[in-house]
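Asker: One structure coming up, written as structure tokens, with questions to follow.
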Amino acid sequence: MRRWIFIWFAVVLAGCSEPQEESGFAGLAGIADNESGVPFLQPGPGERLSFPEDYGPHPQHRIEWWYLTANLKTEDGEPLGLQWTQFRQAIEPRPADAEPPDANNWPLEAAWMAHAAVSFDTRHYFAEKLARGDVGHAGARAEPIAVWLDDWQLEAEPGQSSWRLQVAADNWSYDLTLSITGKPVAHGDQGFSAKSADGEGSMYFSLVDLQIDGRVTLGDQTLDVSGKGWFDREWSSQFLKSGQQGWDWFALHLDSGDKLMAFQLREEDGGFRAGTWIPADGEPIALGADQLNLTSLTQGDGYPRAWRLEVPDFGLNLEVAAPAGDYRNTGLYPYWESPVSVSGSHDGVGYMELTGYGE
Amino acid sequence: MVDSLLSARGLNKQFRSGDEPVPVLTDFSLQLGAGESLALTGRSGSGKSTLLNILCGLEKPDSGTVQVLGETFDARSTEAASKADARWGGLRRQQIGVVFQEANLMPALSLLDNVRFRARLAGQSEDDCRDWLERLGIGELADRFPDQVSGGQRQRASLAMVFAMKPALILADEPTGSLDRHTAEAVIGQLFELQARHDCGLILATHDPELATRCSQHLDLGHLPQT
Amino acid sequence: MTLPAALFSHYRRHPLQLLALAAMIVLATMLWTGVHHLTSQARASLDQSESAVAERQQVARTDGSPVTVDDFVELRRAGLCVMPWLEVSEPEGGRVVGVDPLAAGCFQTPGGQESPWGGELNGRPFVDISEAAELAREQGSELSLLVSDDHSKGDLPPGYQLVPFSVGPATGELGDSFLLNLDALGILVLLITALLVRSVYLLGLAQRRDSFALLHRFGVPHGRVNRLLVVEILLLAAVCVLPGIWLGRWLAAGLGSGFGQALEGLFDQPLYAGQGGSWLVPLVTMMAVILVACLADFLRPIFRGLMGGNRRYGCLVLLVLIAGLALTVWVTDLLWLFIAVAMVFVAAGILAPRLIASLADWRSGHDRDLQARWRHRELAVLARRLALPLVALQFAMAMVLAVQALVTTFESTFDRWLAQRLEADYYVEVPESADAALALDWLAEQPGLSASGLWHRVIRGRATLPGGEDEEETRVDVFAIGPVGPLVTGWELFESAPQPWQRLQQGQGVMVNEQLARRQDIAVGQTVTVLFGSQSFELPVLAIYPDYGRPAGEILIHPSVLPAEFETGFQSLSVSPGNLSIEAVTDGLKGVWQVEALTVRDNRAIEELASAIFDQTFLLTRAMTTLTLILAAIALLMMGWVFFSTRAWYFRLLVVWGLSRRQATAQLVRLSVSLSGAIALLALPLGVWLTWVLVHRINPIAFGWSLPMAVYPRFWLELGVLSMLIGLSIAFLMSRQLKSPTVAPVNANALAGGER
């Protein structure tokens, strides 16, 4: 779902002529709005996921991302949160089977942005990278999976069912192995995740049961880490509907082995809520707006760092709270991305993302 | 009545106040001979100043004819405005002297220079300009500037200026309106004396009924015109 | 009715006066904000330009083949901060540089300052690399890969090496000097703004003199009225300053778009003034200026008391002027110099209107023609009454003159300075292993080159000038060239002995750069001792050459003078191939030296690019002064019109006395044109003097070198025409008032119009 912010990125793409009015409102799905006459495709109800292709890029969609969050522990048992995201923003749509443009012309049909963050011991490390697409130093591939921008990369390990993720920022880095267990979880209507009552939405699936092992280096401190990860794939051609101010997104691993994804898109009078209940045994269940209650427990302005999350149908009454510290990702488009701890009817850990709180 | 110096016939003039036309002069006529004096009385706004302006060409009537010093001006004539202006200009320059209530002098010139300026414009010699000031009793102030002398002295200088041009007709619009009674008497006395001695016509707009009796003719423009 | 209400009721009866007052405050604020904005932009533009031409490093392939997109991808994937730089010649001349702002992100300096190619690319020569690549299909292009200075040789994957990269020589102190001058001009604009505000304030006072007199007669003390007036003007300012700031920013920003298109024709180039800049600085500055401009009234009686009578005051101001002028010649300290300049300006500002008035009064005393006498007396009155806006215009004109001269000087200096450093079309580096002598023989043998081309050899190294008894020795750069030919003989020399270039060619002497000559007090004809290693030479000084903005001492000699033991730091050939192609020359040299690849620098391309990069800065500076002039002219126009209308009765008297309207208008035209012409005439010496101070005093004191000063009489003429236009506009506005028969004499006294 999230990262609708990404549109703003297009505006900044220096000198490029992306018209500004496309930002911040529902995309005109399927309408050819470029010179070549190729339209952006807009996901709709009934559209299905297809594997392994959907691990790769969707050049005829405006935006998409590969998104990993992880709740890890060091050898000493201290919690460490970790994020890696790579975004693709199309400026010109291109059919999936079309030839990519010649790299020698330095094309500007798509731009890539990568974010990496580590949250440890109340500190938050964040780095951002940018690149133009189709030149070669940034891109993605479905099979075997590879997503890269400069020397940051996620790649399938040859001959194994695991992936390797390497990130090196100025004074910190990580190198992780992701063991893939479980099937992809399709959110919403078999992968079509509605984002407003009017039917706008995106294609969205997750790998919710990643076992992660590896090493995180912070300055001269090297930490061996292991724990659970959550991997999201999402693509669409629409941005925030006008009137939608931002969103709050949660992905939780409960100690019971159950998992929960929930989000809300905030509007003046309420907004749009949805989620997915992923029981330890059995098939995922899509949650509608009337099945979810999401209330901020924080007073005042700024990012609400504590929430109450209720799903009465499944006996969930959770308090979700970020640890002490400032977990803003202060890149081109600031937002909040923090590990959270879960208490109440269930205990657990997870990740929380908050955007649109006036920065 | 010998030698008509000035005659006006059928003058009409109206102003507009908002959308309402306000008639100021309606079918107005007058005649003045050389050496004659005419007093115009009437309340403020009754049209005295407008009439004087029309009689010296500074304003144009809506209709009617003015004959002055041998020149004829018809409001309805097809003559180009600039030509009529030029004829009027010539008359004012050499033959029609105008005296206002105040501010008749260029502030940047001395009294004497003002008189000389005016005489020169009228094509008269500058030589007797100082005499004129002396005759009006302000000879010793000749080199002072207008703001350095009293209001009465300024008006005397204005008279000196008008007489130095040797006018055939003098139009005076409340020339003593801003002076105290005593000074006003003295200045008006000089005006009448000089007018008589030089045999020129005088039209005097005034509030003062007593003054009006000293003129050979008297026209009352009456009250504020009704709308 | 309360006292404030009574005071303000004046404006209820005369809303136009209030409007004029408000408009002037808005205008003055707009001026300062606009100029402030443009100055910041010019500063940022200079910073960016300097950063863009700063020397950097690039990655080259060790096999000598040109770098490609694939190399870029490989280096980025290896984690290096590399940025593509695609230089393309444009069909109609000039060049553009394609950069990738996304890749430039990692070039951001630690201070958070964006690299010159990051963020928004706002125009040529830098464009998005896809745009440049488009052009490159038709035109010749060259790709370079710039690499962040944080990387060292060890970071590179095998097959690559680091080589220096520069777009142009570093501007050094030339840029600093430009900024200092810009600051000085900014202060001047503030002064002009203050004058405009003060003239508004005085206008307001004069218009209401009668009301004040009345209030005083009713028993209201003067102090109370004055205090209320200050409150009133502050309130008015508070209301007008914000829209003024908004307008100023709009105007400055507009230079980048709509209004800029109009100016584009004027300057032949688009202007780019970005957004940004704070509201606070103009707001606080303007409120302070307004306060000072108003409070000056309370200080004046104190000054008057100190200075005694009018005549003594005039003498004192004259003394200040003379002292200021003398100080600017003698002081050696920048602060004192600025104080001296301020003294001269203040004195000139006080004296100029008095001078016009006195001259006009004096002339009127000698006029036999009474109309001329009247005109001159009126002129004297106008000069006194309009003193402040007149002085504002005088300062604005003086500033425009100075800036025009300065910017043109900077531009031509910059061009010459570039040309001097890049004299030949190409530099060919002599590889370390190669023998330059072989190449010289080969070059001398090329008939095509000797017919139309030019070349010389350049050797660079170090030498020492031994000091005297108590002086330390001086290390200097050695710049040896030979054969001495037209590539250098066109240099402008500050001072020279007869036939300097011939004698240099024959090894009979040395030339020294300006910096060294100043520091060591070296004059032409003198003999200097130069130590090359241990060997000492006595060489006569043949000439002193300008070397702008270069702090190092340098000597220019013929290579034949250099002893065998001289340690060559760097050797190159400067070649203008004429009819020959540079490829033919480099191929020949590769053959002579038996090498695969040569480092060749295309100097014309470097020159073009460096000029293009700095153009924007000069353009913004010109725009700033144009703006000042336009607004100062409008201010005078408004004030002139308001004041003239208070004297309309007297101009109408001329008509009453028989002058035709055309004749009366002619008098008006002569009057107002004399006034604006006189102020332009008085602005001229002030402007030339200001140019001289900027070029010959501020610069040497701040930086130890001076620019050549040039004057531009054609521009004087343009200013003259402008002042005529201002005069004619005032007359035109006035002549419209002559038409109305309803002008009443009573109005005349309301604004001290009765003054002589």
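So you can find residues: chains in the structure tokens are A, B, ... in the order shown, residues in each start at 1, and ligands are numbered from 1 in order.
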Restrict the distance test to only C-alpha atoms, flag each residue of chain A within 6 Å of chain C, and return the flagged residues as a ChimeraX atom specification.

Answerer: /A:14-15,104-107,130-131,136-137,150-151

Asker: Once you have the residues from the selection above, write them out as an mmCIF file, in the first residue's frame, restricted to N, CA and C atoms.

Answerer:
```
data_model
loop_
_atom_site.group_PDB
_atom_site.id
_atom_site.type_symbol
_atom_site.label_atom_id
_atom_site.label_comp_id
_atom_site.auth_asym_id
_atom_site.auth_seq_id
_atom_site.Cartn_x
_atom_site.Cartn_y
_atom_site.Cartn_z
ATOM 1 N N ALA A 14 14.755 16.538 -11.320
ATOM 2 C CA ALA A 14 15.194 17.829 -11.795
ATOM 3 C C ALA A 14 14.969 17.995 -13.278
ATOM 4 N N GLY A 15 14.344 19.106 -13.594
ATOM 5 C CA GLY A 15 14.246 19.464 -14.992
ATOM 6 C C GLY A 15 13.278 18.609 -15.779
ATOM 7 N N ASN A 104 22.370 4.296 -23.606
ATOM 8 C CA ASN A 104 23.305 5.322 -24.069
ATOM 9 C C ASN A 104 22.649 6.691 -24.207
ATOM 10 N N ASN A 105 21.312 6.709 -24.221
ATOM 11 C CA ASN A 105 20.616 7.996 -24.331
ATOM 12 C C ASN A 105 20.239 8.552 -22.971
ATOM 13 N N TRP A 106 20.719 7.930 -21.906
ATOM 14 C CA TRP A 106 20.413 8.383 -20.549
ATOM 15 C C TRP A 106 18.928 8.669 -20.404
ATOM 16 N N PRO A 107 18.074 7.686 -20.688
ATOM 17 C CA PRO A 107 16.629 7.962 -20.705
ATOM 18 C C PRO A 107 16.126 8.387 -19.329
ATOM 19 N N LEU A 130 19.275 7.743 -4.956
ATOM 20 C CA LEU A 130 18.430 8.031 -6.101
ATOM 21 C C LEU A 130 19.136 7.592 -7.379
ATOM 22 N N ALA A 131 18.340 7.232 -8.374
ATOM 23 C CA ALA A 131 18.939 6.867 -9.667
ATOM 24 C C ALA A 131 17.885 6.968 -10.748
ATOM 25 N N GLY A 136 20.987 1.225 -15.885
ATOM 26 C CA GLY A 136 21.598 -0.039 -15.495
ATOM 27 C C GLY A 136 22.009 -0.121 -14.045
ATOM 28 N N HIS A 137 22.297 1.039 -13.436
ATOM 29 C CA HIS A 137 22.766 0.955 -12.052
ATOM 30 C C HIS A 137 21.615 0.815 -11.070
ATOM 31 N N ASP A 150 22.722 1.040 -7.272
ATOM 32 C CA ASP A 150 24.152 1.125 -6.972
ATOM 33 C C ASP A 150 24.600 -0.156 -6.242
ATOM 34 N N ASP A 151 25.238 0.020 -5.098
ATOM 35 C CA ASP A 151 25.752 -1.173 -4.412
ATOM 36 C C ASP A 151 24.793 -1.701 -3.349
#
```

Asker: Can you tell me, as JSON, numbers by chain, what residues are no more than 7 Å from Ala122 of chain B when counting only C-alpha atoms, ignoring any on the same chain fewer than 2 positions away?

Answerer: {"B": [93, 94, 118, 119, 120, 124, 165]}

Asker: Would you give me, as a tab-separated table, each residue of chain B having an atom within 7 Å of an atom of chain C, along with its shortest atom pair and that distance in Å to one decimal, using only C-alpha atoms and sorting by chain and residue number?

Answerer:
```
residue	atom	partner	partner_atom	distance
B:Glu59	CA	C:Pro741	CA	6.9
B:Ala86	CA	C:Ser660	CA	6.4
B:Gly89	CA	C:Gly658	CA	4.2
B:Gly90	CA	C:Gly658	CA	5.9
B:Arg92	CA	C:Gly658	CA	4.7
B:Arg93	CA	C:Gly658	CA	3.9
B:Ala103	CA	C:Pro745	CA	6.2
B:Met106	CA	C:Tyr650	CA	6.4
B:Pro107	CA	C:Arg756	CA	5.0
B:Ala108	CA	C:Arg756	CA	4.1
B:Leu109	CA	C:Trp374	CA	6.3
B:Phe117	CA	C:Leu370	CA	5.5
```

Asker: With C-alpha atoms retained, write the just-selected residues as a PDB file, in the first residue's frame.

Answerer:
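Written output follows (selection.pdb):
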```pdb
ATOM      1  CA  GLU B  59     -14.334  78.813 -19.456  1.00  0.00           C
ATOM      2  CA  ALA B  86      -5.450  81.914 -29.080  1.00  0.00           C
ATOM      3  CA  GLY B  89      -5.109  84.478 -24.975  1.00  0.00           C
ATOM      4  CA  GLY B  90      -4.174  87.556 -26.941  1.00  0.00           C
ATOM      5  CA  ARG B  92      -5.959  88.424 -21.726  1.00  0.00           C
ATOM      6  CA  ARG B  93      -2.334  89.031 -22.421  1.00  0.00           C
ATOM      7  CA  ALA B 103      -2.552  84.287  -5.162  1.00  0.00           C
ATOM      8  CA  MET B 106       4.159  84.283  -8.757  1.00  0.00           C
ATOM      9  CA  PRO B 107       5.620  83.336  -5.378  1.00  0.00           C
ATOM     10  CA  ALA B 108       9.086  82.866  -6.811  1.00  0.00           C
ATOM     11  CA  LEU B 109       9.351  86.446  -8.108  1.00  0.00           C
ATOM     12  CA  PHE B 117       6.691  90.016 -15.891  1.00  0.00           C
TER      13      PHE B 117
END
```

Asker: For segment 329-334 of chain C, work out the shell of residues within 8 Å, counting only C-alpha atoms and skipping chain neighbours fewer than 5 positions away, then give it as a PyMOL selection string.

Answerer: chain C and resi 697-698+701-702

Asker: To one decimal place in Å, what is the distance between atom CA of Cys200 of chain B and atom CA of Glu36 of chain B?

Answerer: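 That distance, rounded to one decimal, is 7.2 Å.
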
Asker: For Val167 of chain A, please output as a PyMOL selection string all residues within 10 Å (counting only C-alpha atoms; exclusion window: fewer than 4 positions along the same chain).

Answerer: chain A and resi 84+115-117+127+148-154+172-176+216

Asker: Now that the selection is made, can you save its residues with C-alpha atoms as a PDB file, in the first residue's frame?

Answerer:
```pdb
ATOM      1  CA  TRP A  84      14.982  -1.585   3.262  1.00  0.00           C
ATOM      2  CA  HIS A 115      15.697   3.853   1.552  1.00  0.00           C
ATOM      3  CA  ALA A 116      17.508   1.957   4.260  1.00  0.00           C
ATOM      4  CA  ALA A 117      17.210   2.379   7.993  1.00  0.00           C
ATOM      5  CA  ALA A 127      20.111   6.656   4.141  1.00  0.00           C
ATOM      6  CA  TRP A 148      19.336  -3.095  -6.930  1.00  0.00           C
ATOM      7  CA  LEU A 149      20.400   0.529  -6.813  1.00  0.00           C
ATOM      8  CA  ASP A 150      24.152   1.125  -6.972  1.00  0.00           C
ATOM      9  CA  ASP A 151      25.752  -1.173  -4.412  1.00  0.00           C
ATOM     10  CA  TRP A 152      22.562  -1.797  -2.462  1.00  0.00           C
ATOM     11  CA  GLN A 153      20.942  -5.002  -3.591  1.00  0.00           C
ATOM     12  CA  LEU A 154      18.499  -7.750  -2.852  1.00  0.00           C
ATOM     13  CA  TRP A 172      26.855   1.846   8.691  1.00  0.00           C
ATOM     14  CA  SER A 173      25.813  -1.195   6.691  1.00  0.00           C
ATOM     15  CA  TYR A 174      24.063  -4.525   6.833  1.00  0.00           C
ATOM     16  CA  ASP A 175      24.341  -7.840   5.096  1.00  0.00           C
ATOM     17  CA  LEU A 176      21.443 -10.245   5.669  1.00  0.00           C
ATOM     18  CA  VAL A 216      24.663  -5.115  11.031  1.00  0.00           C
TER      19      VAL A 216
END
```

Asker: Figure out the distance between atom CA of Met30 of chain C and atom CA of Leu335 of chain C, please, to one decimal in Å.

Answerer: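 Between atom CA of Leu335 of chain C and atom CA of Met30 of chain C the gap works out to 28.8 Å.
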
Asker: Report, in Å to a single decimal, how far apart atom CA of Asp290 of chain A and atom CA of Ala70 of chain A are.

Answerer: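 Taking atom CA of Ala70 of chain A and atom CA of Asp290 of chain A, their separation equals 28.9 Å.
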
Asker: Any idea what's packed within 12 Å of Thr298 of chain A, counting only C-alpha atoms, ignoring anything in its chain fewer than 2 positions away? Could you give it as number ranges by chain?

Answerer: A: 295-296, 300-308, 319-322

Asker: Mind checking DSSP for segment 3-222 of chain A and telling me the strand (DSSP E) residues as an NGL selection string?

Answerer: :A and (63-74 or 79-90 or 110-120 or 123-132 or 138-141 or 146-149 or 152-156 or 162-168 or 172-180 or 185-186 or 192-194 or 201-218 or 221-222)

Asker: Contacts of segment 201-209 of chain B at 8 Å or less, counting only C-alpha atoms, minus same-chain residues fewer than 4 places along, as a PDB file with N, CA and C atoms, in the first residue's frame?

Answerer:
```
ATOM      1  N   LEU B   5     -17.875  98.045 -24.873  1.00  0.00           N
ATOM      2  CA  LEU B   5     -16.583  97.392 -24.636  1.00  0.00           C
ATOM      3  C   LEU B   5     -16.794  95.883 -24.620  1.00  0.00           C
ATOM      4  N   LEU B  32     -21.337  96.424 -21.290  1.00  0.00           N
ATOM      5  CA  LEU B  32     -20.466  97.310 -20.528  1.00  0.00           C
ATOM      6  C   LEU B  32     -19.734  98.221 -21.503  1.00  0.00           C
ATOM      7  N   GLY B  33     -19.747  99.524 -21.201  1.00  0.00           N
ATOM      8  CA  GLY B  33     -19.042 100.464 -22.050  1.00  0.00           C
ATOM      9  C   GLY B  33     -17.715 100.848 -21.439  1.00  0.00           C
ATOM     10  N   ALA B  34     -16.861 101.524 -22.212  1.00  0.00           N
ATOM     11  CA  ALA B  34     -15.556 101.943 -21.711  1.00  0.00           C
ATOM     12  C   ALA B  34     -15.761 102.888 -20.539  1.00  0.00           C
ATOM     13  N   GLY B  35     -14.951 102.756 -19.505  1.00  0.00           N
ATOM     14  CA  GLY B  35     -15.049 103.621 -18.343  1.00  0.00           C
ATOM     15  C   GLY B  35     -16.181 103.253 -17.410  1.00  0.00           C
ATOM     16  N   GLU B  36     -16.996 102.288 -17.790  1.00  0.00           N
ATOM     17  CA  GLU B  36     -18.094 101.880 -16.928  1.00  0.00           C
ATOM     18  C   GLU B  36     -17.635 100.807 -15.941  1.00  0.00           C
ATOM     19  N   SER B  37     -18.373 100.722 -14.850  1.00  0.00           N
ATOM     20  CA  SER B  37     -18.088  99.628 -13.924  1.00  0.00           C
ATOM     21  C   SER B  37     -19.378  98.878 -13.622  1.00  0.00           C
ATOM     22  N   LEU B  38     -19.252  97.586 -13.458  1.00  0.00           N
ATOM     23  CA  LEU B  38     -20.418  96.731 -13.218  1.00  0.00           C
ATOM     24  C   LEU B  38     -20.159  95.885 -11.985  1.00  0.00           C
ATOM     25  N   ALA B  39     -21.058  95.913 -11.052  1.00  0.00           N
ATOM     26  CA  ALA B  39     -20.915  95.066  -9.862  1.00  0.00           C
ATOM     27  C   ALA B  39     -21.757  93.816 -10.038  1.00  0.00           C
ATOM     28  N   LEU B  40     -21.158  92.650  -9.776  1.00  0.00           N
ATOM     29  CA  LEU B  40     -21.903  91.393  -9.771  1.00  0.00           C
ATOM     30  C   LEU B  40     -22.041  90.956  -8.329  1.00  0.00           C
ATOM     31  N   THR B  41     -23.254  90.803  -7.879  1.00  0.00           N
ATOM     32  CA  THR B  41     -23.419  90.298  -6.516  1.00  0.00           C
ATOM     33  C   THR B  41     -24.202  89.009  -6.571  1.00  0.00           C
ATOM     34  N   GLY B  42     -24.283  88.382  -5.441  1.00  0.00           N
ATOM     35  CA  GLY B  42     -24.974  87.094  -5.357  1.00  0.00           C
ATOM     36  C   GLY B  42     -24.229  86.221  -4.386  1.00  0.00           C
ATOM     37  N   ARG B  43     -24.957  85.216  -3.899  1.00  0.00           N
ATOM     38  CA  ARG B  43     -24.347  84.342  -2.897  1.00  0.00           C
ATOM     39  C   ARG B  43     -23.260  83.481  -3.520  1.00  0.00           C
ATOM     40  N   LYS B  48     -20.956  83.844 -10.038  1.00  0.00           N
ATOM     41  CA  LYS B  48     -20.155  85.040 -10.304  1.00  0.00           C
ATOM     42  C   LYS B  48     -18.818  84.669 -10.949  1.00  0.00           C
ATOM     43  N   SER B  49     -18.119  83.710 -10.316  1.00  0.00           N
ATOM     44  CA  SER B  49     -16.802  83.343 -10.821  1.00  0.00           C
ATOM     45  C   SER B  49     -16.901  82.706 -12.194  1.00  0.00           C
ATOM     46  N   ALA B 168      -7.788  97.379 -21.025  1.00  0.00           N
ATOM     47  CA  ALA B 168      -9.027  98.033 -21.414  1.00  0.00           C
ATOM     48  C   ALA B 168     -10.162  97.551 -20.529  1.00  0.00           C
ATOM     49  N   LEU B 169      -9.991  96.370 -19.958  1.00  0.00           N
ATOM     50  CA  LEU B 169     -11.049  95.767 -19.150  1.00  0.00           C
ATOM     51  C   LEU B 169     -10.416  95.055 -17.968  1.00  0.00           C
ATOM     52  N   ILE B 170     -10.993  95.270 -16.799  1.00  0.00           N
ATOM     53  CA  ILE B 170     -10.489  94.582 -15.609  1.00  0.00           C
ATOM     54  C   ILE B 170     -11.604  93.710 -15.057  1.00  0.00           C
ATOM     55  N   LEU B 171     -11.300  92.442 -14.824  1.00  0.00           N
ATOM     56  CA  LEU B 171     -12.251  91.542 -14.178  1.00  0.00           C
ATOM     57  C   LEU B 171     -11.701  91.236 -12.796  1.00  0.00           C
ATOM     58  N   ALA B 172     -12.447  91.602 -11.766  1.00  0.00           N
ATOM     59  CA  ALA B 172     -11.947  91.400 -10.409  1.00  0.00           C
ATOM     60  C   ALA B 172     -12.914  90.505  -9.658  1.00  0.00           C
ATOM     61  N   ASP B 173     -12.417  89.374  -9.175  1.00  0.00           N
ATOM     62  CA  ASP B 173     -13.248  88.386  -8.484  1.00  0.00           C
ATOM     63  C   ASP B 173     -12.979  88.490  -6.995  1.00  0.00           C
ATOM     64  N   GLU B 174     -13.862  89.181  -6.288  1.00  0.00           N
ATOM     65  CA  GLU B 174     -13.707  89.404  -4.843  1.00  0.00           C
ATOM     66  C   GLU B 174     -12.282  89.844  -4.508  1.00  0.00           C
ATOM     67  N   GLY B 177     -11.731  90.159  -0.837  1.00  0.00           N
ATOM     68  CA  GLY B 177     -12.461  89.177  -0.039  1.00  0.00           C
ATOM     69  C   GLY B 177     -11.690  88.669   1.162  1.00  0.00           C
ATOM     70  N   GLN B 195      -9.237 103.011 -12.130  1.00  0.00           N
ATOM     71  CA  GLN B 195     -10.134 102.631 -13.230  1.00  0.00           C
ATOM     72  C   GLN B 195     -10.710 103.874 -13.890  1.00  0.00           C
ATOM     73  N   THR B 213     -22.987  99.601  -4.854  1.00  0.00           N
ATOM     74  CA  THR B 213     -23.580 100.904  -5.144  1.00  0.00           C
ATOM     75  C   THR B 213     -22.569 101.865  -5.749  1.00  0.00           C
TER      76      THR B 213
END
```
